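structure_36.pdb (PDB, C-alpha atoms) appears below.
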ATOM      1  CA  MET A   1       0.000   0.000   0.000
ATOM      2  CA  GLY A   2       2.896   2.343   0.762
ATOM      3  CA  ALA A   3       3.224   4.762   3.664
ATOM      4  CA  GLN A   4      -0.236   6.205   4.363
ATOM      5  CA  ASP A   5      -1.473   4.340   1.264
ATOM      6  CA  SER A   6       0.765   6.497  -0.966
ATOM      7  CA  ASN A   7       1.155   3.736  -3.574
ATOM      8  CA  LEU A   8      -2.605   3.252  -3.839
ATOM      9  CA  LYS A   9      -3.110   7.005  -4.174
ATOM     10  CA  ALA A  10      -0.491   7.198  -6.929
ATOM     11  CA  ILE A  11      -2.207   4.399  -8.873
ATOM     12  CA  GLU A  12      -5.603   6.059  -8.412
ATOM     13  CA  LYS A  13      -4.321   9.402  -9.641
ATOM     14  CA  GLU A  14      -2.436   8.127 -12.677
ATOM     15  CA  PHE A  15      -5.035   5.615 -13.882
ATOM     16  CA  LYS A  16      -8.083   7.704 -12.892
ATOM     17  CA  VAL A  17      -9.576   4.842 -10.896
ATOM     18  CA  LYS A  18     -10.782   4.295  -7.335
ATOM     19  CA  LEU A  19      -9.137   1.581  -5.224
ATOM     20  CA  THR A  20     -11.013   0.210  -2.226
ATOM     21  CA  LEU A  21      -9.397  -2.324   0.096
ATOM     22  CA  ARG A  22     -11.704  -4.627   2.045
ATOM     23  CA  GLY A  23      -9.855  -7.368   3.926
ATOM     24  CA  GLU A  24      -8.035  -9.426   1.319
ATOM     25  CA  HIS A  25      -9.979  -7.935  -1.582
ATOM     26  CA  LEU A  26      -9.053  -4.890  -3.647
ATOM     27  CA  LYS A  27     -11.869  -3.333  -5.652
ATOM     28  CA  ILE A  28     -11.016  -1.184  -8.682
ATOM     29  CA  SER A  29     -13.668   1.221  -9.973
ATOM     30  CA  GLY A  30     -13.543   3.381 -13.106
ATOM     31  CA  SER A  31     -13.768   3.056 -16.876
ATOM     32  CA  SER A  32     -13.191  -0.426 -18.275
ATOM     33  CA  ALA A  33     -10.005   0.609 -20.086
ATOM     34  CA  ASN A  34      -8.508   2.231 -16.969
ATOM     35  CA  ILE A  35      -9.558  -0.686 -14.757
ATOM     36  CA  LYS A  36      -7.830  -3.123 -17.111
ATOM     37  CA  LYS A  37      -4.509  -1.202 -17.043
ATOM     38  CA  ALA A  38      -4.596  -0.658 -13.274
ATOM     39  CA  ALA A  39      -5.477  -4.323 -12.661
ATOM     40  CA  GLN A  40      -2.544  -5.475 -14.805
ATOM     41  CA  LEU A  41      -0.204  -3.327 -12.715
ATOM     42  CA  VAL A  42      -1.611  -4.621  -9.423
ATOM     43  CA  ASP A  43      -1.334  -8.229 -10.641
ATOM     44  CA  TYR A  44       2.285  -7.603 -11.647
ATOM     45  CA  LEU A  45       3.133  -6.111  -8.250
ATOM     46  CA  LEU A  46       1.467  -8.970  -6.374
ATOM     47  CA  ALA A  47       3.188 -11.604  -8.520
ATOM     48  CA  GLY A  48       6.559 -10.040  -7.729
ATOM     49  CA  LEU A  49       5.921  -9.962  -3.976
ATOM     50  CA  ARG A  50       4.603 -13.526  -3.923
ATOM     51  CA  THR A  51       7.756 -14.824  -5.609
ATOM     52  CA  GLY A  52      10.010 -13.198  -3.033
ATOM     53  CA  GLY A  53      10.665  -9.885  -4.762
ATOM     54  CA  SER A  54      11.649  -6.821  -2.754
ATOM     55  CA  GLU A  55       9.085  -4.211  -1.763
ATOM     56  CA  ILE A  56       8.350  -1.725  -4.494
ATOM     57  CA  GLY A  57       9.746   1.785  -4.034
ATOM     58  CA  SER A  58       8.241   5.041  -5.251
ATOM     59  CA  THR A  59      10.796   5.252  -8.073
ATOM     60  CA  ASP A  60      10.016   1.732  -9.272
ATOM     61  CA  LEU A  61       6.287   2.389  -9.029
ATOM     62  CA  SER A  62       6.549   5.562 -11.137
ATOM     63  CA  TYR A  63       8.280   3.625 -13.893
ATOM     64  CA  LEU A  64       5.782   0.756 -13.763
ATOM     65  CA  ILE A  65       2.832   3.139 -13.834
ATOM     66  CA  ALA A  66       4.212   4.818 -16.966
ATOM     67  CA  HIS A  67       4.767   1.382 -18.530
ATOM     68  CA  PHE A  68       1.270   0.041 -17.866
ATOM     69  CA  LYS A  69      -0.449   3.322 -18.809
ATOM     70  CA  LYS A  70       0.875   2.750 -22.321
ATOM     71  CA  GLY A  71      -0.966  -0.586 -22.357
ATOM     72  CA  LYS A  72       2.176  -2.715 -22.449
ATOM     73  CA  LEU A  73       1.921  -6.297 -21.218
ATOM     74  CA  ALA A  74       3.525  -7.466 -17.988
ATOM     75  CA  GLY A  75       5.522 -10.038 -19.959
ATOM     76  CA  GLN A  76       7.515  -7.202 -21.509
ATOM     77  CA  LEU A  77       8.838  -6.361 -18.038
ATOM     78  CA  GLU A  78      10.366  -9.759 -17.339
ATOM     79  CA  GLN A  79      13.924  -9.638 -15.985
ATOM     80  CA  LEU A  80      14.006  -5.831 -15.922
ATOM     81  CA  ASP A  81      14.305  -5.834 -12.137
ATOM     82  CA  THR A  82      17.290  -8.214 -12.019
ATOM     83  CA  GLY A  83      19.543  -6.843  -9.303
ATOM     84  CA  ILE A  84      23.245  -6.109  -9.567
ATOM     85  CA  ILE A  85      23.988  -5.665  -5.864
ATOM     86  CA  ARG A  86      22.197  -4.741  -2.670
ATOM     87  CA  SER A  87      22.546  -1.330  -1.067
ATOM     88  CA  CYS A  88      23.676  -0.786   2.522
ATOM     89  CA  LYS A  89      19.989  -0.841   3.515
ATOM     90  CA  GLY A  90      19.406  -4.145   1.725
ATOM     91  CA  LYS A  91      17.590  -2.627  -1.242
ATOM     92  CA  GLN A  92      18.229  -4.340  -4.550
ATOM     93  CA  ILE A  93      20.012  -2.114  -7.071
ATOM     94  CA  GLY A  94      19.561  -2.998 -10.715
ATOM     95  CA  PRO A  95      18.106  -1.881 -14.055
ATOM     96  CA  LYS A  96      14.504  -0.693 -14.118
ATOM     97  CA  THR A  97      14.012  -0.065 -17.838
ATOM     98  CA  ALA A  98      14.895  -1.837 -21.060
ATOM     99  CA  GLY A  99      17.529   0.810 -21.813
ATOM    100  CA  GLN A 100      19.116   0.380 -18.392
ATOM    101  CA  ARG A 101      19.174  -3.390 -18.770
ATOM    102  CA  GLU A 102      20.947  -3.087 -22.130
ATOM    103  CA  TYR A 103      23.445  -0.733 -20.458
ATOM    104  CA  VAL A 104      24.219  -3.129 -17.595
ATOM    105  CA  GLU A 105      24.624  -6.059 -19.992
ATOM    106  CA  ALA A 106      26.947  -3.963 -22.172
ATOM    107  CA  ILE A 107      29.118  -3.108 -19.153
ATOM    108  CA  ARG A 108      29.497  -6.810 -18.402
ATOM    109  CA  GLU A 109      30.331  -7.684 -22.025
ATOM    110  CA  TYR A 110      32.455  -4.784 -23.309
ATOM    111  CA  ASP A 111      35.685  -3.213 -22.018
ATOM    112  CA  ILE A 112      34.629   0.357 -22.881
ATOM    113  CA  VAL A 113      31.020   1.494 -22.651
ATOM    114  CA  PHE A 114      29.601   4.956 -23.303
ATOM    115  CA  GLY A 115      26.306   5.774 -21.568
ATOM    116  CA  VAL A 116      24.811   8.867 -23.197
ATOM    117  CA  GLY A 117      21.492  10.413 -22.220
ATOM    118  CA  PRO A 118      19.548  12.792 -19.989
ATOM    119  CA  ALA A 119      19.686  13.173 -16.219
ATOM    120  CA  GLY A 120      17.887  10.576 -14.125
ATOM    121  CA  THR A 121      18.493   7.609 -16.410
ATOM    122  CA  GLY A 122      20.874   5.898 -13.967
ATOM    123  CA  LYS A 123      24.011   6.206 -16.110
ATOM    124  CA  THR A 124      26.396   6.895 -13.231
ATOM    125  CA  TYR A 125      24.475   4.991 -10.560
ATOM    126  CA  LEU A 126      24.330   1.719 -12.483
ATOM    127  CA  ALA A 127      27.962   2.071 -13.555
ATOM    128  CA  MET A 128      28.869   2.474  -9.890
ATOM    129  CA  ALA A 129      26.815  -0.601  -8.951
ATOM    130  CA  SER A 130      28.564  -2.588 -11.682
ATOM    131  CA  ALA A 131      31.961  -1.415 -10.396
ATOM    132  CA  VAL A 132      31.161  -2.479  -6.825
ATOM    133  CA  GLU A 133      29.909  -5.841  -8.123
ATOM    134  CA  ALA A 134      33.155  -6.358 -10.074
ATOM    135  CA  LEU A 135      35.225  -5.481  -6.999
ATOM    136  CA  LYS A 136      33.269  -7.867  -4.770
ATOM    137  CA  LYS A 137      33.703 -10.671  -7.316
ATOM    138  CA  GLN A 138      37.438  -9.854  -7.492
ATOM    139  CA  GLU A 139      37.189  -9.227 -11.225
ATOM    140  CA  VAL A 140      39.109  -5.986 -10.601
ATOM    141  CA  ARG A 141      41.447  -4.872  -7.804
ATOM    142  CA  ARG A 142      40.308  -1.254  -7.598
ATOM    143  CA  ILE A 143      37.692   1.285  -8.600
ATOM    144  CA  ILE A 144      38.689   4.649 -10.043
ATOM    145  CA  LEU A 145      36.080   7.406 -10.248
ATOM    146  CA  THR A 146      36.801  10.610 -12.113
ATOM    147  CA  ARG A 147      35.156  13.598 -13.729
ATOM    148  CA  PRO A 148      36.288  16.912 -15.230
ATOM    149  CA  ALA A 149      36.445  19.742 -12.685
ATOM    150  CA  ILE A 150      34.408  22.116 -14.813
ATOM    151  CA  GLU A 151      31.178  23.840 -13.806
ATOM    152  CA  ALA A 152      29.170  26.668 -15.339
ATOM    153  CA  GLY A 153      30.568  30.049 -14.351
ATOM    154  CA  GLU A 154      32.994  28.689 -11.749
ATOM    155  CA  SER A 155      36.544  27.435 -11.434
ATOM    156  CA  LEU A 156      38.470  25.513  -8.798
ATOM    157  CA  GLY A 157      40.447  28.626  -7.899
ATOM    158  CA  PHE A 158      37.368  30.415  -6.601
ATOM    159  CA  LEU A 159      36.744  27.794  -3.911
ATOM    160  CA  PRO A 160      38.349  28.065  -0.457
ATOM    161  CA  GLY A 161      40.620  25.480   1.164
ATOM    162  CA  ASP A 162      43.315  23.075   0.051
ATOM    163  CA  LEU A 163      43.236  20.948  -3.111
ATOM    164  CA  GLU A 164      41.014  18.270  -1.545
ATOM    165  CA  ALA A 165      38.517  20.907  -0.381
ATOM    166  CA  LYS A 166      38.513  22.503  -3.838
ATOM    167  CA  ILE A 167      37.814  19.318  -5.804
ATOM    168  CA  SER A 168      35.353  17.768  -3.316
ATOM    169  CA  PRO A 169      32.215  19.608  -4.603
ATOM    170  CA  TYR A 170      32.893  18.411  -8.145
ATOM    171  CA  LEU A 171      33.234  14.783  -7.054
ATOM    172  CA  ARG A 172      30.334  14.785  -4.574
ATOM    173  CA  PRO A 173      27.847  12.992  -6.897
ATOM    174  CA  LEU A 174      30.285  10.086  -7.225
ATOM    175  CA  TYR A 175      30.667   9.851  -3.456
ATOM    176  CA  ASP A 176      26.872   9.984  -3.009
ATOM    177  CA  ALA A 177      26.346   6.959  -5.261
ATOM    178  CA  LEU A 178      29.207   5.086  -3.610
ATOM    179  CA  TYR A 179      27.867   5.605  -0.081
ATOM    180  CA  ASP A 180      24.516   4.161  -1.205
ATOM    181  CA  MET A 181      26.199   0.876  -2.056
ATOM    182  CA  MET A 182      28.847   0.312   0.615
ATOM    183  CA  GLU A 183      29.268   0.939   4.319
ATOM    184  CA  ALA A 184      30.979   4.221   5.143
ATOM    185  CA  SER A 185      33.737   2.531   7.167
ATOM    186  CA  ARG A 186      34.606   0.199   4.283
ATOM    187  CA  ILE A 187      34.653   3.064   1.772
ATOM    188  CA  GLU A 188      36.996   5.082   3.985
ATOM    189  CA  SER A 189      39.255   2.063   4.390
ATOM    190  CA  TYR A 190      39.281   1.412   0.642
ATOM    191  CA  ILE A 191      40.085   5.064  -0.109
ATOM    192  CA  GLU A 192      42.957   5.051   2.387
ATOM    193  CA  THR A 193      44.451   1.909   0.825
ATOM    194  CA  GLY A 194      43.857   3.035  -2.772
ATOM    195  CA  ILE A 195      41.310   0.327  -3.591
ATOM    196  CA  ILE A 196      38.881   3.153  -4.343
ATOM    197  CA  GLU A 197      40.196   6.369  -5.844
ATOM    198  CA  VAL A 198      38.125   9.471  -6.545
ATOM    199  CA  ALA A 199      39.988  12.166  -8.434
ATOM    200  CA  PRO A 200      39.533  14.902 -11.057
ATOM    201  CA  LEU A 201      40.262  13.932 -14.652
ATOM    202  CA  ALA A 202      43.472  15.969 -14.770
ATOM    203  CA  PHE A 203      45.020  13.480 -12.298
ATOM    204  CA  MET A 204      44.706  10.655 -14.853
ATOM    205  CA  ARG A 205      47.371  12.026 -17.200
ATOM    206  CA  GLY A 206      50.470   9.851 -17.609
ATOM    207  CA  ARG A 207      49.012   6.813 -15.829
ATOM    208  CA  THR A 208      48.298   3.252 -16.974
ATOM    209  CA  LEU A 209      45.346   1.750 -15.128
ATOM    210  CA  ASN A 210      45.515  -2.049 -14.824
ATOM    211  CA  ASP A 211      43.010  -4.354 -13.055
ATOM    212  CA  ALA A 212      40.660  -1.421 -12.550
ATOM    213  CA  PHE A 213      37.033  -0.458 -13.112
ATOM    214  CA  ILE A 214      37.164   3.185 -14.199
ATOM    215  CA  ILE A 215      34.155   5.507 -14.411
ATOM    216  CA  LEU A 216      34.376   8.869 -16.167
ATOM    217  CA  ASP A 217      31.334  10.919 -15.199
ATOM    218  CA  GLU A 218      30.071  14.166 -16.806
ATOM    219  CA  ALA A 219      32.063  13.370 -19.955
ATOM    220  CA  GLN A 220      30.232  16.092 -21.890
ATOM    221  CA  ASN A 221      32.602  18.492 -20.099
ATOM    222  CA  CYS A 222      35.711  16.770 -21.496
ATOM    223  CA  THR A 223      37.651  18.404 -24.291
ATOM    224  CA  ALA A 224      38.701  16.260 -27.242
ATOM    225  CA  GLU A 225      42.240  16.094 -25.832
ATOM    226  CA  GLN A 226      41.021  15.025 -22.387
ATOM    227  CA  MET A 227      38.831  12.282 -23.840
ATOM    228  CA  LYS A 228      41.702  10.846 -25.868
ATOM    229  CA  MET A 229      43.957  11.051 -22.817
ATOM    230  CA  PHE A 230      41.424   9.197 -20.662
ATOM    231  CA  LEU A 231      40.688   6.435 -23.175
ATOM    232  CA  THR A 232      44.381   5.698 -23.620
ATOM    233  CA  ARG A 233      44.850   5.164 -19.858
ATOM    234  CA  LEU A 234      43.115   1.769 -20.038
ATOM    235  CA  GLY A 235      45.432  -1.053 -18.975
ATOM    236  CA  PHE A 236      45.176  -4.831 -18.851
ATOM    237  CA  ASP A 237      42.093  -6.483 -17.275
ATOM    238  CA  SER A 238      40.364  -3.111 -16.922
ATOM    239  CA  LYS A 239      36.965  -1.723 -17.841
ATOM    240  CA  ALA A 240      35.959   1.877 -18.497
ATOM    241  CA  VAL A 241      32.476   3.385 -18.427
ATOM    242  CA  ILE A 242      32.011   6.917 -19.756
ATOM    243  CA  THR A 243      28.768   8.743 -18.960
ATOM    244  CA  GLY A 244      27.469  12.072 -20.165
ATOM    245  CA  ASP A 245      24.583  14.215 -21.370
ATOM    246  CA  MET A 246      25.266  16.065 -24.626
ATOM    247  CA  THR A 247      22.703  18.749 -23.740
ATOM    248  CA  GLN A 248      24.457  19.818 -20.518
ATOM    249  CA  SER A 249      28.006  20.677 -21.566
ATOM    250  CA  ASP A 250      29.671  23.546 -19.690
ATOM    251  CA  LEU A 251      32.672  23.768 -22.016
ATOM    252  CA  PRO A 252      33.373  27.189 -23.571
ATOM    253  CA  GLY A 253      31.772  27.487 -27.000
ATOM    254  CA  ALA A 254      35.016  27.336 -28.972
ATOM    255  CA  LYS A 255      36.143  24.010 -27.498
ATOM    256  CA  PRO A 256      34.974  20.779 -29.194
ATOM    257  CA  ILE A 257      33.115  18.376 -26.923
ATOM    258  CA  GLY A 258      35.250  15.272 -26.455
ATOM    259  CA  LEU A 259      32.233  13.014 -25.953
ATOM    260  CA  LEU A 260      30.717  14.125 -29.251
ATOM    261  CA  GLN A 261      33.982  13.610 -31.094
ATOM    262  CA  ALA A 262      34.491  10.157 -29.529
ATOM    263  CA  GLN A 263      31.026   9.175 -30.707
ATOM    264  CA  ASP A 264      32.000   9.975 -34.303
ATOM    265  CA  ILE A 265      35.502   8.478 -34.196
ATOM    266  CA  LEU A 266      34.955   5.280 -32.194
ATOM    267  CA  VAL A 267      31.623   4.011 -33.519
ATOM    268  CA  GLY A 268      31.943   0.468 -34.857
ATOM    269  CA  ILE A 269      35.224  -0.342 -33.090
ATOM    270  CA  GLU A 270      35.163  -3.853 -31.608
ATOM    271  CA  GLY A 271      35.145  -3.858 -27.797
ATOM    272  CA  ILE A 272      33.469  -0.442 -27.519
ATOM    273  CA  LYS A 273      29.709  -0.029 -27.032
ATOM    274  CA  PHE A 274      27.541   3.096 -27.095
ATOM    275  CA  ILE A 275      24.241   2.998 -25.195
ATOM    276  CA  TYR A 276      21.802   5.863 -25.722
ATOM    277  CA  PHE A 277      19.167   6.633 -23.097
ATOM    278  CA  SER A 278      15.926   8.542 -23.634
ATOM    279  CA  GLY A 279      13.279  10.140 -21.443
ATOM    280  CA  ALA A 280      11.640   6.690 -21.207
ATOM    281  CA  ASP A 281      14.620   5.528 -19.134
ATOM    282  CA  VAL A 282      14.256   8.249 -16.492
ATOM    283  CA  VAL A 283      13.537   6.696 -13.089
ATOM    284  CA  ARG A 284      13.329   9.865 -11.028
ATOM    285  CA  HIS A 285      10.176  11.809 -10.232
ATOM    286  CA  SER A 286       7.592  11.522 -13.031
ATOM    287  CA  LEU A 287       7.912  15.275 -13.578
ATOM    288  CA  VAL A 288      11.536  14.787 -14.665
ATOM    289  CA  GLN A 289      10.353  12.708 -17.623
ATOM    290  CA  ARG A 290       7.919  15.448 -18.630
ATOM    291  CA  ILE A 291      10.587  18.130 -18.305
ATOM    292  CA  ILE A 292      12.982  16.156 -20.517
ATOM    293  CA  HIS A 293      10.299  15.554 -23.152
ATOM    294  CA  ALA A 294       9.419  19.279 -23.122
ATOM    295  CA  TYR A 295      13.051  20.266 -23.677
ATOM    296  CA  GLU A 296      13.474  17.659 -26.420
ATOM    297  CA  LYS A 297      10.582  19.211 -28.332
ATOM    298  CA  VAL A 298      12.169  22.668 -28.163
ATOM    299  CA  VAL A 299      15.562  21.360 -29.329
ATOM    300  CA  GLN A 300      13.981  19.521 -32.241
TER     301      GLN A 300
END
Is it possible to express this structure as structure tokens?
Amino acid sequence: MGAQDSNLKAIEKEFKVKLTLRGEHLKISGSSANIKKAAQLVDYLLAGLRTGGSEIGSTDLSYLIAHFKKGKLAGQLEQLDTGIIRSCKGKQIGPKTAGQREYVEAIREYDIVFGVGPAGTGKTYLAMASAVEALKKQEVRRIILTRPAIEAGESLGFLPGDLEAKISPYLRPLYDALYDMMEASRIESYIETGIIEVAPLAFMRGRTLNDAFIILDEAQNCTAEQMKMFLTRLGFDSKAVITGDMTQSDLPGAKPIGLLQAQDILVGIEGIKFIYFSGADVVRHSLVQRIIHAYEKVVQ
């Protein structure tokens, strides 16, 4: 039902139906078409719980509601909720959409994967989950997380403190995802011993990264030179995942976007895979999907 029946209320609102719970019976009232879609969703949720699935969260429910409102069959959702790992709170972390599932499978199969698409599609989060999974399975010896230290209208020099204090705000999203998936004490221990490294992209120059799972986040802010530099750091038994959103580059207008150039140069090369996300893969608040669709219309 959700806290204070929030899940029921969400289903009622989105499907324009009335849900009435009486003991073990749930009555659905409304138009026949809306009843059919809402009933399919409820059946899907119940089937998942009865087979030992985890409780549905608000994010998962939003995606499922959007799916069933389009009249798609429950069978099309099979295996979409396959977990990668469990969070510190025991919640299963895994792909929620077809695009996300393709992305996770690509990460497992290819050595270099580009995840390109709008905010909220899980590009960084699922890459992080895949990295933690690889570390736990001892497929890699370390995780390296990096991103360009570029933001709109700011520079590192304007921030107070030492180097660590200056770069911390730029790397915060990577830390946030990491702390969702591992205990704080273990993360701190891994950082101290170098098993996990979080650093700005400039620190990658001149290195060869072996036995590592490397994630480059916010790649739309990489110059062409930086992108080439990063891609040539890959060593033996390593994987690299590059994520970015072409519509949110903060590079000065005269500089070519490295992610865009890489897309043109590297397409078709064996061992490299490009995955493109759309608004349908957004698993944040339902309004985020609408915002993305609205912006896509303007751009087109």
**OP:** Any chance you could resolve the PyMOL selection byres ((chain A and resi 259) around 12) against this file and give the residues as a ChimeraX atom specification?
**Re:** /A:114-117,216-228,230-231,242-249,251,255-258,260-267,274
Applying the PyMOL selection byres ((chain A and resi 32-40) around 8) to the file I just gave you, which residues come out? Please list them as an mmCIF file with C-alpha atoms, in the coordinates of the input.
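And here is the file that came out, selection.cif:
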data_model
loop_
_atom_site.group_PDB
_atom_site.id
_atom_site.type_symbol
_atom_site.label_atom_id
_atom_site.label_comp_id
_atom_site.auth_asym_id
_atom_site.auth_seq_id
_atom_site.Cartn_x
_atom_site.Cartn_y
_atom_site.Cartn_z
ATOM 1 C CA ILE A 11 -2.207 4.399 -8.873
ATOM 2 C CA PHE A 15 -5.035 5.615 -13.882
ATOM 3 C CA LYS A 16 -8.083 7.704 -12.892
ATOM 4 C CA VAL A 17 -9.576 4.842 -10.896
ATOM 5 C CA ILE A 28 -11.016 -1.184 -8.682
ATOM 6 C CA SER A 29 -13.668 1.221 -9.973
ATOM 7 C CA GLY A 30 -13.543 3.381 -13.106
ATOM 8 C CA SER A 31 -13.768 3.056 -16.876
ATOM 9 C CA LEU A 41 -0.204 -3.327 -12.715
ATOM 10 C CA VAL A 42 -1.611 -4.621 -9.423
ATOM 11 C CA ASP A 43 -1.334 -8.229 -10.641
ATOM 12 C CA TYR A 44 2.285 -7.603 -11.647
ATOM 13 C CA PHE A 68 1.270 0.041 -17.866
ATOM 14 C CA LYS A 69 -0.449 3.322 -18.809
ATOM 15 C CA GLY A 71 -0.966 -0.586 -22.357
ATOM 16 C CA LEU A 73 1.921 -6.297 -21.218
ATOM 17 C CA ALA A 74 3.525 -7.466 -17.988
#
**OP:** Please provide as an NGL selection string all residues within 9 Å of region 132-134 of chain A, with the sequence filter that same-chain residues fewer than 2 positions apart are discarded (counting only C-alpha atoms).
**Re:** :A and (84-85 or 127-130 or 136-141 or 143 or 178 or 181-182 or 213)
**OP:** Can you work out the spacing between CA of Ile144 (chain A) and CA of Ile272 (chain A) in Å, to one decimal?
**Re:**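 These atoms are spaced 18.9 Å apart.
Nearest-residue note for Leu145 (chain A): choosing from A:Pro95, A:Gly279, A:Gly48, A:Pro200, the minimum distance belongs to A:Pro200, counting only C-alpha atoms.
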Original post:
When you draw a straight line from CA of Leu64 (chain A) to CA of Lys123 (chain A), how long is it in Å?
Top reply: 19.2 Å
Original post:
Where does the PyMOL selection byres ((chain A and resi 59-63) around 9) land in this file, that is, which residues does it pick, as an MDAnalysis selection string?
Top reply: chainID A and resid 7 10:11 56:58 64:68 96:97 280:286
Original post:
CA of Asp250 (chain A) and CA of Tyr110 (chain A), how far apart in Å?
Top reply: 28.7 Å
Original post:
What's the 10 Å shell around Arg108 (chain A), counting all atoms listed in the file, without same-chain residues fewer than 2 positions away, as a list in words?
Top reply: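 Within the cut-off, the hits are Tyr103, Val104, Glu105, Ala106, Tyr110, Asp111, Ile112, Val113, Ser130, Ala131, Ala134 and Lys239 of chain A.
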Please return the centre and edge lengths, in Å to one decimal, of a box with edges along x, y and z that contains all listed atoms of region 113-129 of chain A, widened by 8 Å on every side, as JSON.
{"center_x": 24.5, "center_y": 6.3, "center_z": -16.1, "size_x": 29.1, "size_y": 29.8, "size_z": 30.4}
